[in-house]
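So the structure is just underneath, and the comments pick up after that.
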Amino acid sequence: MTAQTGATGVAQAPPQAHPRAERPARTPLSEGARAERRLGWLLCAPAVVIMLAVTAYPMGYAVWLSLQRYDLRFPAAHEFIGLANYTTVLTNRLWWTAFGVTMFITVVSVAVELVLGMGLALVMRWALVGRGAVRTAILIPYGIVTVVAAYSWQYAWTPGTGYLANLLPNGSAPLTQQWPAIFIITGAEIWKTTPFMALLLLAGVSLVSEDLIKAAKVDGATAWQRFTHIMLPVMKPAILVALLFRTLDAFRIFDNIFILTSGANNTRSVSILGYDNLFTALNLGIGSAISVLILIAVAIIAFVFVKGFGTAAPGQEVENR
Amino acid sequence: MSTRTVAKASWGVGNTIIILVALVPVLWLASLSFKDPSTIADGSFLPREWTLDNYRGIFSTDLFTRALVNSIGIALIATALAVVVGSMAAYAVARLRFPGKGVLVGATLLIAMFPPISLVSPLFNLWRQVGLFDTWPGLIIPYLTFSLPLTIYTLSAFFREIPWDLEKAARVDGATPFQAFTRVIAPLATPSILTTAILVFIFCWNDFVFAISLTSTLNSRTVPAAIAFFSGASQFETPIGSIAAAGVVITIPIIIFVFFFQRRIVAGLTSGAVKG
């Protein structure tokens, strides 16, 4: 924009004898570009400084902590031990159980949410009645504090107290058994985050041309054919972005498990395991090693999505426009 | 006509089921919060005896009121900072050409994907060393960081939609740059900024990981973290009723946002996340 104003200034310059016009045409252009560049950096600087200071620096510090024996209960034993903490974690059954539980919850909840979210997105676009009501209602699970929702599920499944537990045979306490508890956690996660998935998919559904759908209908395409041949190709980028975001988000699951089971009976996720090592065992070395391993796992998931499936990062799309 | 009526009716039934599934857990918590301590474990979906005792109970203790003040203050300050810092960067991303923009957008995306638990151990240690542990800034700083990606995406998508030529037109008509900004651009940008602020506020209001890890007392503990400590507190006869009441209180702002800004929240989430 600045460059443009500079150029028009030059074009109108001779009759007006504007001081700027006396310079050769190129200088104001590059000066404008340089000013624009400086303004761009200046405006972004605070955000960049904050984001680097609060993520990159502490993450480097976490890597450093993870290479030490550092137990707050035994500060005297603090020393550099190389990769020993990683060996301890990766050869421990607790880590692999937590990793398995996390992967199970991630895969199941994201798969179910993709189906439900797609249904919701279609309802929000094409329902004959009540589109607004549905949009309003599903924003409640999206907005509600996860901890609050988790308490609601916990009490619902508490024997005697809860309306859901009372549907089960007498004497069953699902939250105290590993698999029933994992299913309840997954259910709570699905309830809370399906709306987010649905809204990301709705962005894709909105790109589908109404005319094309109508034309296909006239040509005799079934609803399923219209969905797979017309909608899915258009929606593919939106679907991949939604899957990427939700997969990474599900992998970090913490709040629901913390409230529903506190990780008892082998229902820990990797995040819960890291938290327990830091704040229950007060072992900064092991806890930091788990933190770094979680970050590596997240990086691998993101890499697989971006390279493997060709997920376009939303930022890149914004940039290309 | 009749097929249309049938279609409408079946959509109505489907939508009612969706709405019920979305609302039942919230209604259940509200019901628990109005139950009398003697009937709280009766398993009935609706209270048999209605009482406000649970609400009186939580508002008569520091544990909840201080946490509520912390939650509101920390979320508001973090939101305000995120919107100011984020809208500067979003303006640059949407409107200016400068080298390094791609790197900035990529780095922002990385932070959006960052697992918060990975930051907890280093921040816990750093905050204790620099005296930020268990303080408002100790939570505001990580909240600000994690809401910046959301702010930059949502706002840069919105800023792109603003007809910036209007600014030029106003200048041609004799407005000063300041007037062009305050009279023309600011009114167009305000709704997007408000929408973004709501999304950021919901994010900060919701956080639990940082709230339980980086606080230890009433000084800075927010409501989600404080609720988790109700259970062991002896001054409460029945923690279930108190937790339910506290949960309902902190859900009220969310319900207000959803009812008044439903369209904007949907627009914010869909435009910021995916642009095809």
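Scheme for the structure tokens: letters A, B, ... for chains in order shown; per-chain residue numbers from 1; ligand numbers from 1 in order shown.
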Residues at most 12 Å from range 186-188 of chain A, counting only C-alpha atoms, excluding those fewer than 3 positions away in the same chain, as a ChimeraX atom specification?
/A:101-113,141-142,146-154,156-157,179-183,191-194,250-251,253-257,259-260,267,269 /B:21-22,25
Give me, as JSON, numbers by chain, the residues of chain B touching chain A, with the criterion being at most 7 Å (counting only C-alpha atoms).
{"B": [8, 11, 12, 15, 19, 22, 23, 25, 28, 29, 40, 41, 42, 43, 44, 45, 85, 86, 88, 89, 92, 96, 97, 98, 105, 106, 109, 113, 115, 117, 118, 119, 121, 122, 123, 142, 145, 202, 206, 208, 224, 247, 251, 254, 255, 258, 259, 262, 266, 269, 270, 273, 274, 275]}
Please provide as an MDAnalysis selection string all residues within 10 Å of range 71-76 of chain B, with the sequence filter that same-chain residues fewer than 5 positions apart are discarded (counting only C-alpha atoms).
chainID B and resid 65:66 81:82 135:141 143:144 197 200:207 211 220:225 250
Serialized selection, N, CA and C atoms, as a CSV table (one decimal), in the first residue's frame:
chain,number,residue,atom,x,y,z
B,65,THR,N,-14.4,-17.4,46.6
B,65,THR,CA,-14.5,-16.0,46.1
B,65,THR,C,-13.1,-15.4,45.7
B,66,ARG,N,-12.1,-15.8,46.4
B,66,ARG,CA,-10.7,-15.3,45.9
B,66,ARG,C,-10.4,-16.0,44.6
B,81,LEU,N,-4.1,-8.1,26.9
B,81,LEU,CA,-2.7,-8.1,26.3
B,81,LEU,C,-2.7,-8.9,25.0
B,82,ALA,N,-3.3,-10.0,25.0
B,82,ALA,CA,-3.2,-10.9,23.8
B,82,ALA,C,-3.9,-10.1,22.6
B,135,THR,N,1.8,-16.2,41.3
B,135,THR,CA,1.4,-14.8,41.2
B,135,THR,C,0.5,-14.7,40.0
B,136,TRP,N,-0.2,-13.6,39.8
B,136,TRP,CA,-1.0,-13.4,38.6
B,136,TRP,C,-0.2,-13.4,37.4
B,137,PRO,N,1.0,-12.6,37.3
B,137,PRO,CA,1.8,-12.6,36.1
B,137,PRO,C,2.3,-14.0,35.7
B,138,GLY,N,2.5,-14.9,36.7
B,138,GLY,CA,2.9,-16.2,36.5
B,138,GLY,C,2.0,-17.0,35.7
B,139,LEU,N,0.7,-16.7,35.7
B,139,LEU,CA,-0.3,-17.4,34.9
B,139,LEU,C,-0.6,-16.6,33.6
B,140,ILE,N,-0.6,-15.2,33.8
B,140,ILE,CA,-0.9,-14.4,32.6
B,140,ILE,C,0.1,-14.6,31.5
B,141,ILE,N,1.4,-14.8,31.8
B,141,ILE,CA,2.4,-14.9,30.8
B,141,ILE,C,2.2,-16.2,29.9
B,143,TYR,N,-0.6,-17.8,29.5
B,143,TYR,CA,-1.9,-17.7,28.8
B,143,TYR,C,-1.8,-16.8,27.6
B,144,LEU,N,-1.0,-15.7,27.8
B,144,LEU,CA,-0.8,-14.7,26.7
B,144,LEU,C,-0.1,-15.5,25.6
B,197,ALA,N,-11.5,-11.6,21.2
B,197,ALA,CA,-11.4,-11.4,22.6
B,197,ALA,C,-12.2,-12.5,23.4
B,200,VAL,N,-10.4,-15.8,23.1
B,200,VAL,CA,-9.2,-15.9,24.0
B,200,VAL,C,-9.7,-16.0,25.5
B,201,PHE,N,-10.7,-15.2,25.8
B,201,PHE,CA,-11.2,-15.3,27.2
B,201,PHE,C,-11.6,-16.7,27.6
B,202,ILE,N,-12.4,-17.3,26.7
B,202,ILE,CA,-12.8,-18.7,26.9
B,202,ILE,C,-11.6,-19.6,27.1
B,203,PHE,N,-10.6,-19.4,26.3
B,203,PHE,CA,-9.4,-20.2,26.4
B,203,PHE,C,-8.7,-20.1,27.8
B,204,CYS,N,-8.5,-18.8,28.2
B,204,CYS,CA,-7.9,-18.6,29.5
B,204,CYS,C,-8.7,-19.0,30.7
B,205,TRP,N,-10.0,-18.8,30.6
B,205,TRP,CA,-11.0,-19.2,31.6
B,205,TRP,C,-11.0,-20.7,31.8
B,206,ASN,N,-10.7,-21.5,30.7
B,206,ASN,CA,-10.8,-22.9,30.7
B,206,ASN,C,-9.5,-23.6,31.3
B,207,ASP,N,-8.4,-22.9,31.3
B,207,ASP,CA,-7.1,-23.6,31.5
B,207,ASP,C,-7.1,-24.3,32.9
B,211,ALA,N,-2.9,-23.7,35.8
B,211,ALA,CA,-3.5,-23.3,37.0
B,211,ALA,C,-3.2,-24.2,38.2
B,220,SER,N,-3.3,-16.8,43.7
B,220,SER,CA,-3.5,-16.8,42.3
B,220,SER,C,-4.2,-18.0,41.7
B,221,ARG,N,-4.7,-18.9,42.6
B,221,ARG,CA,-5.3,-20.1,42.2
B,221,ARG,C,-6.7,-19.7,41.5
B,222,THR,N,-6.9,-20.2,40.3
B,222,THR,CA,-8.2,-19.8,39.6
B,222,THR,C,-9.2,-20.9,39.9
B,223,VAL,N,-10.5,-20.6,39.5
B,223,VAL,CA,-11.6,-21.5,39.9
B,223,VAL,C,-11.4,-23.0,39.5
B,224,PRO,N,-11.0,-23.2,38.2
B,224,PRO,CA,-10.9,-24.7,37.9
B,224,PRO,C,-9.9,-25.4,38.8
B,225,ALA,N,-8.8,-24.7,39.2
B,225,ALA,CA,-7.9,-25.4,40.1
B,225,ALA,C,-8.4,-25.4,41.5
B,250,ILE,N,-19.1,-20.6,37.2
B,250,ILE,CA,-18.2,-20.3,36.2
B,250,ILE,C,-18.6,-20.7,34.8
Compile the contact shell of Ala246 in chain B as an NGL selection string: residues with an atom at most 8 Å away, counting only C-alpha atoms, same-chain residues fewer than 2 positions apart removed.
:B and (55 or 58 or 64 or 223 or 227 or 242-244 or 248-250)
Produce a file of the selected residues containing C-alpha atoms, as a PDB file, in the first residue's frame.
ATOM      1  CA  TYR B  55     -24.366 -21.303  46.560  1.00  0.00           C
ATOM      2  CA  ILE B  58     -19.288 -21.328  48.351  1.00  0.00           C
ATOM      3  CA  PHE B  64     -14.135 -19.769  46.116  1.00  0.00           C
ATOM      4  CA  VAL B 223     -11.577 -21.494  39.942  1.00  0.00           C
ATOM      5  CA  ILE B 227     -12.601 -26.634  42.664  1.00  0.00           C
ATOM      6  CA  SER B 242     -20.222 -27.055  46.376  1.00  0.00           C
ATOM      7  CA  ILE B 243     -18.336 -28.254  43.318  1.00  0.00           C
ATOM      8  CA  ALA B 244     -21.550 -28.310  41.279  1.00  0.00           C
ATOM      9  CA  VAL B 248     -22.443 -23.538  37.472  1.00  0.00           C
ATOM     10  CA  VAL B 249     -21.142 -20.104  38.503  1.00  0.00           C
ATOM     11  CA  ILE B 250     -18.151 -20.291  36.155  1.00  0.00           C
TER      12      ILE B 250
END
All helix (DSSP H, G or I) residues (DSSP, backbone) inside range 189-267 of chain B, as a ChimeraX atom specification:
/B:189-206,209-213,223-230,239-267
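Residues in contact with range 215-230 of chain A at 12 Å, where only C-alpha atoms are counted and same-chain residues fewer than 6 positions away are skipped, are listed as Met118, Gly119, Leu122, Val205, Leu207, Val208, Ser209 and Lys236 of chain A.
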Expected file contents, prior selection, C-alpha atoms, as a CSV table (one decimal), in the first residue's frame:
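Resulting contents of out-v6.csv:
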chain,number,residue,atom,x,y,z
A,118,MET,CA,-19.3,-34.2,9.9
A,119,GLY,CA,-23.0,-35.0,10.7
A,122,LEU,CA,-24.1,-31.0,7.5
A,205,VAL,CA,-18.8,-27.6,4.1
A,207,LEU,CA,-17.1,-24.2,0.4
A,208,VAL,CA,-19.3,-26.8,-1.3
A,209,SER,CA,-21.3,-25.2,-4.1
A,236,LYS,CA,-10.3,-32.5,2.0
